[in-house]
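The next block is start05.tsv, given as TSV, C-alpha atoms.
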chain	number	residue	atom	x	y	z
A	1	MET	CA	24.93	-4.81	19.61
A	2	VAL	CA	21.87	-2.56	19.70
A	3	ARG	CA	20.11	-1.91	16.43
A	4	PRO	CA	18.49	1.44	15.85
A	5	VAL	CA	14.71	1.32	15.89
A	6	ALA	CA	13.10	2.39	12.65
A	7	PRO	CA	10.34	4.96	12.90
A	8	PRO	CA	6.84	3.50	12.63
A	9	MET	CA	5.65	3.16	9.05
A	10	LEU	CA	2.04	2.93	7.92
A	11	THR	CA	0.45	1.49	4.81
A	12	VAL	CA	-1.76	3.55	2.51
A	13	ARG	CA	-4.74	1.58	3.80
A	14	GLU	CA	-3.88	2.35	7.45
A	15	VAL	CA	-3.54	6.07	6.70
A	16	ALA	CA	-6.85	6.04	4.82
A	17	GLU	CA	-8.55	4.43	7.80
A	18	GLU	CA	-6.99	6.93	10.22
A	19	LEU	CA	-8.14	9.88	8.10
A	20	ALA	CA	-11.52	8.27	7.27
A	21	VAL	CA	-10.94	8.75	3.54
A	22	CYS	CA	-10.49	6.38	0.60
A	23	ARG	CA	-7.08	5.17	-0.54
A	24	ALA	CA	-7.30	7.34	-3.66
A	25	THR	CA	-7.36	10.41	-1.42
A	26	VAL	CA	-4.20	9.23	0.35
A	27	TYR	CA	-2.51	8.73	-3.03
A	28	ALA	CA	-3.54	12.29	-3.96
A	29	LEU	CA	-2.02	13.61	-0.72
A	30	LEU	CA	1.18	11.75	-1.56
A	31	GLU	CA	1.27	13.19	-5.09
A	32	ARG	CA	0.76	16.74	-3.77
A	33	GLY	CA	3.59	16.23	-1.28
A	34	GLU	CA	1.34	16.65	1.74
A	35	LEU	CA	2.45	13.24	3.01
A	36	GLU	CA	5.93	11.79	2.84
A	37	ARG	CA	6.38	8.39	1.24
A	38	VAL	CA	9.08	5.76	1.53
A	39	TRP	CA	9.41	3.00	-1.04
A	40	ILE	CA	10.15	-0.43	0.39
A	41	GLY	CA	10.48	-2.69	-2.61
A	42	ASN	CA	7.29	-2.07	-4.58
A	43	SER	CA	5.34	-0.93	-1.53
A	44	ILE	CA	4.68	2.58	-0.30
A	45	ARG	CA	4.98	3.26	3.40
A	46	ILE	CA	4.14	6.52	5.13
A	47	PRO	CA	6.10	7.53	8.22
A	48	ALA	CA	3.78	7.98	11.19
A	49	ALA	CA	5.44	11.34	11.83
A	50	SER	CA	4.31	12.53	8.39
A	51	LEU	CA	0.71	11.65	9.19
A	52	GLU	CA	1.00	13.38	12.57
A	53	ALA	CA	2.38	16.50	10.85
A	54	LEU	CA	-0.52	16.51	8.36
A	55	LEU	CA	-3.03	16.24	11.19
A	56	ALA	CA	-1.28	19.03	13.15
A	57	ARG	CA	-1.42	21.34	10.11
A	58	GLY	CA	-5.14	20.67	9.83
A	59	ARG	CA	-5.77	21.61	13.45
A	60	ARG	CA	-4.42	25.14	13.07

Give the structure from this file in structure tokens form.
Amino acid sequence: MVRPVAPPMLTVREVAEELAVCRATVYALLERGELERVWIGNSIRIPAASLEALLARGRR
């Protein structure tokens, strides 16, 4: 049986490092809906595709 592969998920810290901002800024982006969030237990994960979409919007 082949299991579907989940899309890559990033932590708030990883997204902050990628964007070169503090974690509070990432939380603000999440609150404004500029980044998608997925709750896994008590942890927030951000789909890599959501980060890529944010970066693409910024390049326009």

Hey, what's within 12 Å of Leu54 of chain A if we count all atoms listed in the file and toss same-chain stuff fewer than 2 positions away? As a PyMOL selection string, please? chain A and resi 15+18-19+26+29-30+33-36+46-52+56-60

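Atom CA of Ile40 of chain A is positioned 13.6 Å from atom CA of Pro7 of chain A.
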
Residues within 8 Å of Arg23 of chain A, all atoms listed in the file, excluding chain neighbours under 5 positions, as a PyMOL selection string: chain A and resi 12-13+16

Edge lengths and centre in Å to one decimal, as lines of an AutoDock Vina configuration file, is what I'm after for the box along x, y and z that holds all listed atoms of segment 35-50 of chain A once 3 Å is added on each side.
center_x = 6.5
center_y = 5.3
center_z = 3.6
size_x = 14.0
size_y = 21.9
size_z = 22.4

Quick one: pull the distance between atom CA of Leu55 of chain A and atom CA of Cys22 of chain A, Å, one decimal. 16.3 Å

Quote the spacing between atom CA of Ser43 of chain A and atom CA of Met9 of chain A in Å to one decimal place. 11.3 Å

Which residue is closest to Glu14 of chain A? Choose from A:Val38, A:Ala28, A:Arg45, A:Ala53 and count all atoms listed in the file.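 Once distances to Glu14 of chain A are computed over all atoms listed in the file, the minimum belongs to A:Arg45.
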
Counting all atoms listed in the file, the option among A:Glu17, A:Tyr27, A:Arg32, A:Pro4 closest to Ile44 of chain A: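 Checking each candidate against Ile44 of chain A, we get A:Tyr27 as the closest.
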